[in-house]
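The file run.cif comes next; it holds mmCIF, C-alpha atoms.
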data_final
loop_
_atom_site.label_atom_id
_atom_site.label_comp_id
_atom_site.auth_asym_id
_atom_site.auth_seq_id
_atom_site.Cartn_x
_atom_site.Cartn_y
_atom_site.Cartn_z
CA MET U 1176 0.00 0.00 0.00
CA ASN U 1177 2.65 2.47 1.12
CA VAL U 1178 5.05 1.42 -1.63
CA GLY U 1179 2.26 2.06 -4.12
CA PHE U 1180 1.74 5.55 -2.72
CA VAL U 1181 5.46 6.34 -2.91
CA ILE U 1182 5.79 5.12 -6.51
CA ALA U 1183 2.61 6.99 -7.46
CA TYR U 1184 4.04 10.15 -5.90
CA ILE U 1185 7.42 9.87 -7.61
CA VAL U 1186 5.91 9.11 -11.02
CA LEU U 1187 2.71 11.17 -11.02
CA ALA U 1188 3.49 14.21 -8.85
CA PRO U 1189 5.25 16.22 -11.61
CA PHE U 1190 2.33 15.58 -13.98
CA LEU U 1191 -0.22 16.48 -11.32
CA GLY U 1192 1.79 19.57 -10.34
CA ALA U 1193 2.03 20.68 -13.98
CA LEU U 1194 -1.71 20.14 -14.50
CA LEU U 1195 -2.43 22.16 -11.35
CA ASP U 1196 -0.16 24.89 -12.70
CA GLY U 1197 -2.08 24.80 -15.99
CA ILE U 1198 -5.39 25.08 -14.12
CA ASP U 1199 -3.92 27.89 -12.03
CA ARG U 1200 -2.95 29.85 -15.14
CA ILE U 1201 -6.39 29.39 -16.74
CA ILE U 1202 -8.23 30.40 -13.56
CA SER U 1203 -5.92 33.39 -13.07
CA ALA U 1204 -6.53 34.46 -16.67
CA ARG U 1205 -10.31 34.16 -16.23
CA MET U 1206 -10.12 36.21 -13.04
CA GLN U 1207 -8.43 38.93 -15.11
CA ARG U 1208 -11.07 38.48 -17.87
CA ARG U 1209 -8.52 36.96 -20.24
CA LYS U 1210 -8.69 33.72 -22.19
CA GLY U 1211 -5.39 32.42 -20.93
CA PRO U 1212 -3.17 29.59 -22.20
CA GLY U 1213 -4.20 25.96 -22.70
CA LEU U 1214 -4.28 23.42 -19.89
CA LEU U 1215 -1.12 21.69 -21.15
CA GLN U 1216 0.93 24.89 -21.35
CA PRO U 1217 3.26 23.92 -18.44
CA PHE U 1218 4.19 20.74 -20.34
CA TYR U 1219 5.03 22.75 -23.47
CA ASP U 1220 7.10 25.10 -21.32
CA LEU U 1221 9.05 22.21 -19.81
CA GLY U 1222 9.56 20.57 -23.20
CA LYS U 1223 10.90 23.82 -24.58
CA LEU U 1224 13.20 24.44 -21.63
CA PHE U 1225 14.81 21.01 -22.08
CA SER U 1226 15.39 21.66 -25.80
CA LYS U 1227 17.11 25.03 -25.36
CA GLU U 1228 20.81 25.66 -25.55
CA MET U 1229 22.54 24.98 -22.25
CA ILE U 1230 23.89 28.19 -20.76
CA ALA U 1231 25.60 27.23 -17.54
CA VAL U 1232 26.79 30.19 -15.52
CA ASN U 1233 29.00 27.95 -13.38
CA ASN U 1234 29.79 24.30 -12.66
CA VAL U 1235 27.53 23.78 -9.67
CA GLN U 1236 24.19 25.43 -10.35
CA LEU U 1237 22.66 22.50 -12.22
CA LEU U 1238 23.99 20.07 -9.61
CA LEU U 1239 22.53 22.15 -6.76
CA ASN U 1240 19.18 22.36 -8.54
CA MET U 1241 19.28 18.58 -9.04
CA SER U 1242 19.94 18.21 -5.31
CA TYR U 1243 16.95 20.45 -4.62
CA LEU U 1244 14.82 18.17 -6.79
CA VAL U 1245 16.11 14.90 -5.35
CA ILE U 1246 15.82 15.97 -1.71
CA LEU U 1247 12.32 17.31 -2.31
CA VAL U 1248 11.35 13.98 -3.86
CA ILE U 1249 12.77 12.22 -0.78
CA ALA U 1250 10.74 14.48 1.54
CA GLY U 1251 7.57 13.88 -0.48
CA ALA U 1252 8.20 10.14 -0.72
CA MET U 1253 8.60 9.97 3.06
CA LEU U 1254 5.29 11.78 3.55
CA PHE U 1255 3.48 9.42 1.20
CA ALA U 1256 5.24 6.41 2.78
CA GLY U 1257 3.64 7.37 6.10
CA ALA U 1258 6.95 8.24 7.79
CA ASP U 1259 7.71 10.84 10.46
CA LEU U 1260 6.08 14.21 9.66
CA LEU U 1261 8.73 16.13 11.57
CA MET U 1262 11.44 14.49 9.48
CA VAL U 1263 9.55 15.34 6.27
CA LEU U 1264 9.44 19.02 7.25
CA PHE U 1265 13.15 19.08 8.16
CA ILE U 1266 14.10 17.50 4.84
CA LEU U 1267 11.85 20.01 3.06
CA SER U 1268 13.87 22.85 4.64
CA THR U 1269 17.11 21.14 3.64
CA ALA U 1270 15.89 20.98 0.05
CA ASP U 1271 15.18 24.69 0.13
CA MET U 1272 18.73 25.36 1.31
CA PHE U 1273 20.01 23.79 -1.91
CA LEU U 1274 17.86 26.15 -3.95
CA ILE U 1275 19.27 29.08 -1.98
CA MET U 1276 22.81 27.80 -2.61
CA ALA U 1277 22.04 27.41 -6.32
CA ALA U 1278 20.85 30.99 -6.53
CA SER U 1279 23.78 32.38 -4.51
CA SER U 1280 26.29 30.46 -6.61
CA ASP U 1281 26.02 32.84 -9.57
CA SER U 1282 27.20 36.41 -9.83
CA SER U 1283 23.88 38.12 -10.54
CA PRO U 1284 22.92 40.59 -7.79
CA TYR U 1285 19.26 39.86 -8.52
CA ALA U 1286 19.72 36.13 -7.91
CA ASN U 1287 21.65 36.87 -4.72
CA MET U 1288 18.89 39.16 -3.49
CA GLY U 1289 16.38 36.46 -4.37
CA ALA U 1290 18.43 33.97 -2.34
CA SER U 1291 18.48 36.19 0.75
CA ARG U 1292 14.75 36.83 0.41
CA GLU U 1293 14.17 33.07 0.15
CA MET U 1294 16.00 32.68 3.47
CA LEU U 1295 13.78 35.35 4.94
CA GLN U 1296 10.72 33.51 3.67
CA MET U 1297 11.98 30.35 5.35
CA MET U 1298 12.21 32.27 8.63
CA ALA U 1299 8.64 33.44 8.11
CA TYR U 1300 6.99 30.07 7.48
CA GLU U 1301 9.21 27.71 9.44
CA PRO U 1302 7.80 28.40 12.98
CA LEU U 1303 4.24 27.65 11.92
CA THR U 1304 5.28 24.55 9.98
CA LEU U 1305 6.88 23.14 13.14
CA LEU U 1306 3.79 24.07 15.19
CA VAL U 1307 1.67 22.13 12.69
CA ALA U 1308 3.78 19.03 13.34
CA VAL U 1309 3.45 19.56 17.11
CA GLY U 1310 -0.30 20.03 16.66
CA PHE U 1311 -0.58 16.69 14.88
CA TYR U 1312 1.37 15.08 17.73
CA LEU U 1313 -0.90 16.57 20.41
CA THR U 1314 -4.03 15.60 18.47
CA THR U 1315 -3.16 12.06 17.45
CA GLY U 1316 -0.33 11.15 19.83
CA SER U 1317 2.12 10.45 17.03
CA PHE U 1318 4.39 12.16 14.52
CA GLN U 1319 3.99 9.22 12.13
CA VAL U 1320 1.88 10.07 9.09
CA ALA U 1321 0.65 6.45 9.02
CA ASP U 1322 -0.84 6.92 12.53
CA ILE U 1323 -2.22 10.40 11.84
CA ILE U 1324 -4.35 9.15 8.94
CA GLN U 1325 -5.73 6.31 11.09
CA ALA U 1326 -7.18 8.66 13.70
CA ASP U 1327 -10.88 8.34 14.59
CA THR U 1328 -11.69 11.99 13.90
CA SER U 1329 -10.20 14.44 11.43
CA ALA U 1330 -7.32 16.44 12.87
CA VAL U 1331 -8.85 19.68 11.62
CA LEU U 1332 -11.52 19.48 14.36
CA TRP U 1333 -8.77 19.93 16.94
CA MET U 1334 -6.49 22.25 14.99
CA PRO U 1335 -8.57 24.67 12.85
CA GLY U 1336 -6.27 27.56 13.81
CA LEU U 1337 -3.25 25.66 12.58
CA LEU U 1338 -5.00 24.90 9.29
CA VAL U 1339 -5.77 28.59 8.76
CA GLY U 1340 -2.19 29.49 9.68
CA PHE U 1341 -0.82 26.85 7.32
CA MET U 1342 -3.02 28.15 4.50
CA PHE U 1343 -1.64 31.64 5.21
CA THR U 1344 2.02 30.65 5.18
CA SER U 1345 1.78 28.14 2.34
CA ALA U 1346 1.23 31.10 -0.01
CA ILE U 1347 4.99 31.54 0.46
CA LYS U 1348 5.66 27.97 -0.58
CA PHE U 1349 3.29 28.15 -3.56
CA ARG U 1350 5.08 31.41 -4.55
CA LYS U 1351 1.83 33.36 -4.58
CA SER U 1352 1.29 37.07 -4.10
CA PRO U 1353 1.48 38.79 -1.62
CA PHE U 1354 4.38 36.57 -0.52
CA ASP U 1355 6.25 35.92 -3.80
CA LEU U 1356 9.27 37.96 -2.81
CA SER U 1357 12.13 35.70 -3.85
CA THR U 1358 10.82 34.82 -7.29
CA SER U 1359 7.45 35.16 -8.95
CA HIS U 1360 5.33 33.51 -11.63
CA HIS U 1361 4.28 36.95 -12.76
CA ALA U 1362 6.28 38.98 -15.24
CA HIS U 1363 8.25 42.04 -14.28
CA GLN U 1364 9.36 41.68 -10.77
CA GLU U 1365 11.38 44.47 -9.18
CA MET U 1366 14.50 42.26 -9.41
CA VAL U 1367 14.07 40.54 -12.78
CA LYS U 1368 13.30 36.92 -11.84
CA GLY U 1369 14.88 36.87 -8.39
CA LEU U 1370 16.16 33.40 -7.49
CA THR U 1371 15.90 32.08 -11.04
CA THR U 1372 17.47 35.07 -12.83
CA GLU U 1373 20.51 33.16 -14.09
CA MET U 1374 18.78 29.80 -14.51
CA SER U 1375 17.88 28.88 -18.06
CA GLY U 1376 16.95 25.82 -20.09
CA THR U 1377 17.51 22.54 -18.27
CA THR U 1378 18.50 24.22 -15.01
CA LEU U 1379 15.22 26.11 -14.85
CA ALA U 1380 13.25 23.03 -15.95
CA VAL U 1381 14.73 20.99 -13.07
CA MET U 1382 13.79 23.74 -10.63
CA THR U 1383 10.25 23.91 -12.04
CA ILE U 1384 9.77 20.14 -11.74
CA ALA U 1385 10.97 20.34 -8.13
CA GLU U 1386 8.36 23.04 -7.49
CA TYR U 1387 5.68 20.70 -8.87
CA TYR U 1388 6.79 17.98 -6.46
CA GLU U 1389 6.63 20.55 -3.66
CA THR U 1390 3.09 21.62 -4.60
CA VAL U 1391 1.88 18.03 -4.36
CA LEU U 1392 3.76 17.53 -1.08
CA LEU U 1393 2.08 20.60 0.44
CA LEU U 1394 -1.35 19.48 -0.74
CA GLY U 1395 -0.52 16.12 0.88
CA ILE U 1396 0.07 17.91 4.20
CA PHE U 1397 -3.26 19.70 3.77
CA CYS U 1398 -4.85 16.26 3.26
CA LEU U 1399 -3.50 15.18 6.66
CA PHE U 1400 -5.77 17.73 8.31
CA ILE U 1401 -8.87 16.04 6.90
CA VAL U 1402 -8.08 12.35 6.45
CA ASN U 1403 -9.19 9.92 9.19
CA SER U 1404 -9.90 6.18 9.33
CA THR U 1405 -13.06 6.42 7.18
CA TRP U 1406 -12.88 6.05 3.38
CA TRP U 1407 -14.98 9.11 2.59
CA SER U 1408 -12.58 11.39 4.43
CA TRP U 1409 -10.17 10.90 1.49
CA ILE U 1410 -12.72 12.39 -0.89
CA ALA U 1411 -13.34 15.24 1.57
CA ALA U 1412 -9.57 15.80 1.77
CA ILE U 1413 -9.19 16.05 -2.01
CA LEU U 1414 -12.15 18.47 -2.19
CA ALA U 1415 -10.63 20.53 0.63
CA CYS U 1416 -7.31 20.66 -1.27
CA ALA U 1417 -9.13 21.90 -4.38
CA VAL U 1418 -10.83 24.65 -2.35
CA ILE U 1419 -7.58 25.65 -0.65
CA TYR U 1420 -5.72 25.77 -3.98
CA PHE U 1421 -8.50 27.93 -5.44
CA LEU U 1422 -8.31 30.29 -2.45
CA GLU U 1423 -4.54 30.62 -2.95
CA ILE U 1424 -5.11 31.57 -6.61
CA LEU U 1425 -7.78 34.07 -5.61
CA TRP U 1426 -5.46 35.59 -3.01
CA ASP U 1427 -2.65 35.68 -5.58
CA ASN U 1428 -4.79 37.72 -7.96
CA ALA U 1429 -6.26 40.01 -5.33
CA CYS U 1430 -3.05 41.08 -3.59
CA ALA U 1431 0.01 43.10 -4.43
CA ARG U 1432 3.45 41.94 -3.29
CA VAL U 1433 4.33 43.06 0.26
CA LYS U 1434 7.63 44.28 1.68
CA TRP U 1435 9.80 41.80 3.54
CA LYS U 1436 9.03 43.26 6.97
CA THR U 1437 5.28 42.94 6.39
CA LEU U 1438 5.85 39.35 5.27
CA LEU U 1439 7.86 38.46 8.36
CA TYR U 1440 5.61 40.22 10.88
CA SER U 1441 2.31 39.05 9.38
CA CYS U 1442 3.49 35.45 9.26
CA TRP U 1443 4.79 35.55 12.81
CA ILE U 1444 1.61 37.21 14.11
CA VAL U 1445 -0.52 34.56 12.40
CA THR U 1446 1.80 31.89 13.81
CA LEU U 1447 1.47 33.33 17.30
CA VAL U 1448 -2.28 33.96 17.22
CA ALA U 1449 -3.71 31.14 15.10
CA GLY U 1450 -0.97 28.59 15.81
CA GLY U 1451 -0.02 29.48 19.38
CA ILE U 1452 -3.56 29.71 20.77
CA ASN U 1453 -4.52 26.50 18.99
CA ILE U 1454 -1.54 24.69 20.50
CA LEU U 1455 -2.28 26.11 23.98
CA ILE U 1456 -5.88 24.90 23.85
CA LEU U 1457 -4.72 21.50 22.60
CA MET U 1458 -2.24 21.22 25.47
CA LEU U 1459 -4.96 22.06 27.99
CA ILE U 1460 -7.68 19.70 26.75
CA LYS U 1461 -5.72 16.79 25.31
CA MET E 430 5.68 18.32 -27.96
CA ASN E 431 8.82 20.35 -27.37
CA LYS E 432 8.34 22.82 -30.18
CA VAL E 433 9.66 26.13 -28.98
CA SER E 434 6.82 27.98 -30.71
CA LYS E 435 4.38 26.37 -28.25
CA SER E 436 5.91 28.32 -25.39
CA PRO E 437 7.73 31.42 -26.61
CA TRP E 438 8.86 33.62 -23.75
CA LEU E 439 9.32 37.21 -24.68
CA LEU E 440 11.78 39.85 -23.56
CA HIS E 441 10.95 43.46 -24.27
CA TYR E 442 13.67 46.09 -24.44
CA ASP E 443 13.33 49.81 -25.15
CA ALA E 444 16.46 50.85 -27.08
CA SER E 445 15.50 54.52 -27.42
CA SER E 446 11.78 54.50 -28.09
CA CYS E 447 9.42 57.39 -27.31
CA ASN E 448 7.36 54.82 -25.32
CA GLY E 449 4.59 54.82 -27.93
CA CYS E 450 5.49 51.33 -29.15
CA ASP E 451 6.22 50.17 -25.57
CA ILE E 452 2.68 51.00 -24.53
CA GLU E 453 1.38 49.09 -27.54
CA VAL E 454 3.56 46.10 -26.57
CA LEU E 455 2.08 46.14 -23.07
CA ASP E 456 -1.34 46.51 -24.70
CA CYS E 457 -0.86 43.01 -26.12
CA LEU E 458 -1.00 41.65 -22.55
CA THR E 459 -4.37 43.23 -21.75
CA PRO E 460 -7.63 41.22 -21.76
CA LYS E 461 -8.53 42.47 -25.24
CA TYR E 462 -5.44 41.04 -26.97
CA ASP E 463 -4.11 38.58 -24.34
CA ILE E 464 -0.96 37.14 -25.93
CA GLU E 465 -0.75 34.60 -23.10
CA ARG E 466 -3.27 32.50 -25.07
CA PHE E 467 -0.34 31.64 -27.38
CA GLY E 468 1.61 30.55 -24.33
CA ILE E 469 3.65 33.75 -24.50
CA ILE E 470 5.02 35.02 -21.22
CA ASN E 471 6.44 38.52 -20.94
CA THR E 472 9.56 37.71 -18.96
CA GLY E 473 12.14 40.25 -17.89
CA ASP E 474 15.02 37.80 -18.01
CA PRO E 475 17.20 37.29 -21.13
CA PHE E 476 18.35 33.88 -19.81
CA GLN E 477 14.78 32.61 -20.08
CA ALA E 478 13.64 34.44 -23.22
CA ASP E 479 13.15 33.08 -26.75
CA ILE E 480 11.98 36.25 -28.50
CA LEU E 481 13.70 39.59 -28.14
CA LEU E 482 11.28 42.40 -28.88
CA ILE E 483 12.99 45.76 -29.33
CA THR E 484 11.38 49.15 -29.74
CA GLY E 485 13.18 52.32 -30.84
CA GLY E 486 16.38 52.82 -32.80
CA VAL E 487 19.75 51.96 -31.32
CA ASN E 488 21.78 54.86 -29.95
CA SER E 489 25.35 54.97 -28.71
CA GLN E 490 24.27 54.31 -25.12
CA THR E 491 21.98 51.34 -25.74
CA GLU E 492 24.18 49.62 -28.33
CA SER E 493 26.19 47.67 -25.78
CA VAL E 494 23.06 46.77 -23.83
CA VAL E 495 21.30 45.38 -26.91
CA LYS E 496 24.39 43.32 -27.77
CA GLN E 497 24.66 42.00 -24.23
CA ILE E 498 20.99 41.05 -23.93
CA TYR E 499 21.19 39.27 -27.27
CA SER E 500 24.29 37.35 -26.25
CA GLN E 501 22.70 36.26 -22.97
CA MET E 502 19.73 34.61 -24.68
CA PRO E 503 20.12 30.86 -25.26
CA GLU E 504 19.66 29.44 -28.78
CA PRO E 505 17.25 29.18 -30.58
CA LYS E 506 16.24 32.84 -30.44
CA VAL E 507 14.62 35.43 -32.71
CA VAL E 508 14.58 39.23 -32.75
CA VAL E 509 11.51 41.31 -33.58
CA ALA E 510 11.99 45.02 -34.30
CA VAL E 511 8.79 46.84 -33.35
CA GLY E 512 8.01 50.28 -34.77
CA ILE E 513 9.59 52.18 -37.62
CA CYS E 514 12.44 53.50 -35.42
CA ALA E 515 13.50 49.95 -34.59
CA CYS E 516 13.23 48.98 -38.26
CA THR E 517 15.19 51.81 -39.86
CA GLY E 518 15.82 54.55 -37.30
CA GLY E 519 12.64 56.37 -38.35
CA VAL E 520 12.50 60.14 -37.87
CA PHE E 521 15.62 59.95 -35.67
CA LYS E 522 17.69 58.33 -38.42
CA GLU E 523 19.90 61.36 -39.07
CA CYS E 524 20.47 62.19 -35.38
CA TYR E 525 24.11 62.37 -34.30
CA ASN E 526 23.73 59.71 -31.59
CA ILE E 527 21.52 57.22 -33.46
CA ARG E 528 23.17 54.16 -35.04
CA GLY E 529 19.99 53.38 -37.01
CA GLY E 530 17.67 50.37 -36.90
CA ILE E 531 18.25 47.36 -34.65
CA ASP E 532 19.77 45.46 -37.58
CA THR E 533 22.83 47.71 -37.45
CA VAL E 534 23.79 45.96 -34.19
CA ILE E 535 22.22 42.49 -34.08
CA PRO E 536 20.48 40.33 -36.72
CA VAL E 537 16.73 41.03 -36.92
CA ASP E 538 14.27 38.34 -38.05
CA VAL E 539 10.95 40.20 -38.24
CA TYR E 540 10.27 43.89 -38.89
CA VAL E 541 7.01 45.38 -37.59
CA PRO E 542 6.66 48.90 -39.02
CA GLY E 543 4.26 51.55 -37.71
CA CYS E 544 4.33 54.64 -35.56
CA ALA E 545 3.26 53.44 -33.14
CA ALA E 546 2.94 49.80 -34.26
CA ARG E 547 -0.59 48.60 -33.50
CA PRO E 548 -1.08 45.68 -31.09
CA GLU E 549 -2.58 43.62 -33.95
CA SER E 550 0.53 44.07 -36.08
CA ILE E 551 2.82 43.35 -33.11
CA ILE E 552 0.97 40.06 -32.48
CA ASP E 553 1.15 39.34 -36.20
CA GLY E 554 4.90 39.97 -36.17
CA VAL E 555 5.43 37.76 -33.12
CA VAL E 556 3.40 34.92 -34.68
CA LYS E 557 5.57 35.22 -37.85
CA ALA E 558 8.61 35.09 -35.60
CA LEU E 559 7.32 31.80 -34.12
CA GLU E 560 7.65 30.08 -37.52
CA ILE E 561 11.23 31.30 -37.81
CA LEU E 562 11.83 30.14 -34.23
CA ASP E 563 10.74 26.60 -35.14
CA GLU E 564 13.01 26.59 -38.20
CA LYS E 565 15.91 27.76 -36.05
CA GLN E 566 15.16 25.08 -33.48
CA ALA E 567 15.24 22.37 -36.18
CA GLU E 568 18.55 23.76 -37.44
CA HIS E 569 19.89 23.98 -33.89
CA LYS E 570 19.04 20.31 -33.35
CA LYS E 571 20.62 19.28 -36.65
CA ASN E 572 23.84 20.97 -35.65
CA GLY E 573 23.91 18.85 -32.51
CA GLY E 574 22.58 21.64 -30.28
CA GLY E 575 21.38 21.15 -26.76
CA ALA E 576 23.91 20.25 -24.15
CA HIS E 577 27.04 22.32 -24.52
CA GLY E 578 28.89 22.68 -21.24
CA ILE E 579 29.80 26.08 -20.00
CA SER E 580 29.48 28.97 -22.38
CA LYS E 581 30.02 31.92 -20.11
#

Rewrite the structure from the file as structure tokens, please.
Amino acid sequence: MNVGFVIAYIVLAPFLGALLDGIDRIISARMQRRKGPGLLQPFYDLGKLFSKEMIAVNNVQLLLNMSYLVILVIAGAMLFAGADLLMVLFILSTADMFLIMAASSDSSPYANMGASREMLQMMAYEPLTLLVAVGFYLTTGSFQVADIIQADTSAVLWMPGLLVGFMFTSAIKFRKSPFDLSTSHHAHQEMVKGLTTEMSGTTLAVMTIAEYYETVLLLGIFCLFIVNSTWWSWIAAILACAVIYFLEILWDNACARVKWKTLLYSCWIVTLVAGGINILILMLIK
Amino acid sequence: MNKVSKSPWLLHYDASSCNGCDIEVLDCLTPKYDIERFGIINTGDPFQADILLITGGVNSQTESVVKQIYSQMPEPKVVVAVGICACTGGVFKECYNIRGGIDTVIPVDVYVPGCAARPESIIDGVVKALEILDEKQAEHKKNGGGAHGISK
């Protein structure tokens, strides 16, 4: 069962992530009263990127991006294997460090600024991410994903604040406005393309595929909030993921990018209020 | 599947334009024209661009910039000169600081005349450039393009 999940994740996650990206671009276009590209556009983009001339700005960038991809896949595979949630989140942060190293390895000031902003974003979302893991432990008595999904009731009943907080901070991970400081899907950022400024062709394609794996991983964590021992909770979880993803797109289109201080403070306040109070209540009643 | 014309990313540079053509280029992104339906993304990054769209004639200050942007774009790539100034130098042709059209500095594939060029003609020019882009990609593949180690 678990092996099946892991293989399905490794094989299907990039396709699912690309399809979600395609849906995202269509919905965004419709929100702006445009027609938008086709559903398969992300696949065309990837195909093109792999066929372009290889411009390597140094020896290590492609390798570091590959490491980002591989470590992300390991983190995702561990989640879908039902392993330790805390470990998954730590490995996820490690993967991000490789992306930061890849961006800092080149000489572009824009990429270096993107790298430092990415570190800042990590500081913003990391506290809440850890609180989510603690919340799952307090609710279900285990950090193991396999135990969390076998609980009698959905975790969200005990940790609604943490879910709201996680939705808030995952806009950073999805690279959505207002929190797309380090690099953005939208054209014309104040610092060219931020993190990815000097990535082109294959290097950029590898990074994009890694982002697709990450999207599916995050939606998997959202599923954990809903899934319990009943079969229908899986359907509810997938529906909840669809709603959450739609809300992220809506937020992306409705908000302008914020300054880094606003990012840091708003994320920490949400962590403290939504996450902290939720954890306190959990500690008192559980 | 991996035809470059299915996902052409566009880089827009103003070499010395009066901004008339630039506004028309941005017009192409609006709901009425929406060039994203062709999969076109207006990127600001030469490393990720396939089409270089230049407005205005080249002057002595922008010459080096145009050359650098062009050299930073990975093959296959095409250049579209938008507006009569970018095509020939236009009314500024005889000015002391103007080199002339874009083709005095880098090779141009498609010329879109007009002052200012209308969004329809810009889209038309870009779509023409896509055919050239596909030809260049086929040629690039034939010459064993793709993975060349470090080029910078």

Non-local contacts of Met1382 of chain U (6 Å; all atoms listed in the file; under 3 positions in same chain excluded) as a PyMOL selection string:
chain U and resi 1240+1379+1385

Listing only residues of chain E within 12 Å of chain U, what is the closest atom pair and its distance in Å (to one decimal) for each, using all atoms listed in the file, sorted by chain and residue number ascending, as CSV?
residue,atom,partner,partner_atom,distance
E:Met430,CA,U:Tyr1219,CA,6.3
E:Asn431,CA,U:Gly1222,CA,4.2
E:Lys432,CA,U:Lys1223,CA,6.2
E:Val433,CA,U:Lys1223,CA,5.1
E:Ser434,CA,U:Lys1223,CA,8.5
E:Lys435,CA,U:Tyr1219,CA,6.0
E:Ser436,CA,U:Asp1220,CA,5.3
E:Pro437,CA,U:Asp1220,CA,8.3
E:Trp438,CA,U:Asp1220,CA,9.0
E:Leu439,CA,U:Ala1362,CA,10.1
E:Leu440,CA,U:Ala1362,CA,10.0
E:His441,CA,U:His1363,CA,10.4
E:Leu455,CA,U:Ala1362,CA,11.4
E:Cys457,CA,U:Arg1209,CA,11.4
E:Leu458,CA,U:Arg1209,CA,9.2
E:Thr459,CA,U:Arg1209,CA,7.7
E:Pro460,CA,U:Arg1209,CA,4.6
E:Lys461,CA,U:Arg1209,CA,7.4
E:Tyr462,CA,U:Arg1209,CA,8.5
E:Asp463,CA,U:Arg1209,CA,6.2
E:Ile464,CA,U:Gly1211,CA,8.2
E:Glu465,CA,U:Gly1211,CA,5.6
E:Arg466,CA,U:Pro1212,CA,4.1
E:Phe467,CA,U:Pro1212,CA,6.2
E:Gly468,CA,U:Pro1212,CA,5.3
E:Ile469,CA,U:Pro1212,CA,8.3
E:Ile470,CA,U:Ala1362,CA,7.3
E:Asn471,CA,U:Ala1362,CA,5.7
E:Thr472,CA,U:Ala1362,CA,5.1
E:Gly473,CA,U:Val1367,CA,5.5
E:Asp474,CA,U:Val1367,CA,6.0
E:Pro475,CA,U:Thr1372,CA,8.6
E:Phe476,CA,U:Ser1375,CA,5.3
E:Gln477,CA,U:Ser1375,CA,5.3
E:Ala478,CA,U:Ser1375,CA,8.7
E:Asp479,CA,U:Lys1227,CA,9.1
E:Ser500,CA,U:Ile1230,CA,10.7
E:Gln501,CA,U:Ile1230,CA,8.5
E:Met502,CA,U:Ile1230,CA,8.6
E:Pro503,CA,U:Glu1228,CA,5.3
E:Glu504,CA,U:Glu1228,CA,5.1
E:Pro505,CA,U:Lys1227,CA,6.7
E:Lys506,CA,U:Lys1227,CA,9.4
E:Leu562,CA,U:Lys1227,CA,11.5
E:Asp563,CA,U:Lys1223,CA,10.9
E:Lys565,CA,U:Lys1227,CA,11.1
E:Gln566,CA,U:Lys1227,CA,8.4
E:Ala567,CA,U:Ser1226,CA,10.4
E:His569,CA,U:Glu1228,CA,8.6
E:Lys570,CA,U:Ser1226,CA,8.5
E:Asn572,CA,U:Glu1228,CA,11.5
E:Gly573,CA,U:Glu1228,CA,10.2
E:Gly574,CA,U:Glu1228,CA,6.5
E:Gly575,CA,U:Glu1228,CA,4.7
E:Ala576,CA,U:Met1229,CA,5.3
E:His577,CA,U:Met1229,CA,5.7
E:Gly578,CA,U:Ala1231,CA,6.7
E:Ile579,CA,U:Ala1231,CA,5.0
E:Ser580,CA,U:Ile1230,CA,5.9
E:Lys581,CA,U:Val1232,CA,5.9

Expand the PyMOL selection byres ((chain U and resi 1196) around 12) into the explicit residue set it covers here, and present it as a PyMOL selection string.
chain U and resi 1188-1195+1197-1203+1212-1218+1220-1221+1349-1351+1360+1383-1384+1386-1388+1390-1391+1420-1421+1424

Excluding segment 1324-1335 of chain U and any residue of its chain fewer than 2 positions from it, enumerate the residues within 12 Å of it, using all atoms listed in the file, and give them as a ChimeraX atom specification.
/U:1254-1258,1260,1306-1322,1337-1342,1395-1409,1411-1412,1415,1449-1461

Given only C-alpha atoms as the basis, pick out the residue of U:Trp1435, U:Tyr1184, U:Trp1443, U:Trp1426 nearest to Glu1389 of chain U.
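Under the stated criterion, the closest residue is U:Tyr1184.
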
Please report the interatomic distance between atom CA of Val556 of chain E and atom CA of Val534 of chain E in Å with one decimal.
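According to the coordinates, atom CA of Val556 of chain E and atom CA of Val534 of chain E are separated by 23.2 Å.
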
List the residues selected by the PyMOL selection byres ((chain U and resi 1354) around 10) in the file shown, writing them as a list of chain:residue names.
U:Gln1296, U:Phe1343, U:Thr1344, U:Ser1345, U:Ala1346, U:Ile1347, U:Lys1348, U:Phe1349, U:Arg1350, U:Lys1351, U:Ser1352, U:Pro1353, U:Asp1355, U:Leu1356, U:Ser1357, U:Thr1358, U:Ser1359, U:Asp1427, U:Cys1430, U:Ala1431, U:Arg1432, U:Val1433, U:Lys1434, U:Trp1435, U:Thr1437, U:Leu1438, U:Leu1439, U:Cys1442

Quick one: residues within 10 Å of Ile1246 of chain U, only C-alpha atoms counted, chain neighbours fewer than 5 positions away excluded, as a VMD selection string?
chain U and resid 1240 to 1241 1251 to 1252 1266 to 1271 1273 1385

In Å, how far is it from atom CA of Ala558 of chain E to atom CA of Ala546 of chain E?
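Those two atoms sit 15.8 Å apart.
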
Near Ile535 of chain E, counting all atoms listed in the file, which residues have an atom at most 8 Å away, once you skip same-chain residues fewer than 4 positions from it, shown as a list in words?
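The filter keeps Val495, Lys496, Tyr499 and Ile531 of chain E.
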
Keeping only C-alpha atoms, take the residues you just selected and write them out as a PDB file, in the coordinates of the input.
ATOM      1  CA  VAL E 495      21.300  45.380 -26.910  1.00  0.00           C
ATOM      2  CA  LYS E 496      24.390  43.320 -27.770  1.00  0.00           C
ATOM      3  CA  TYR E 499      21.190  39.270 -27.270  1.00  0.00           C
ATOM      4  CA  ILE E 531      18.250  47.360 -34.650  1.00  0.00           C
TER       5      ILE E 531
END

Please write the residues picked by the PyMOL selection byres ((chain E and resi 484) around 9) on this file as number ranges by chain.
E: 441-448, 450-451, 454, 482-483, 485-487, 509-516, 531
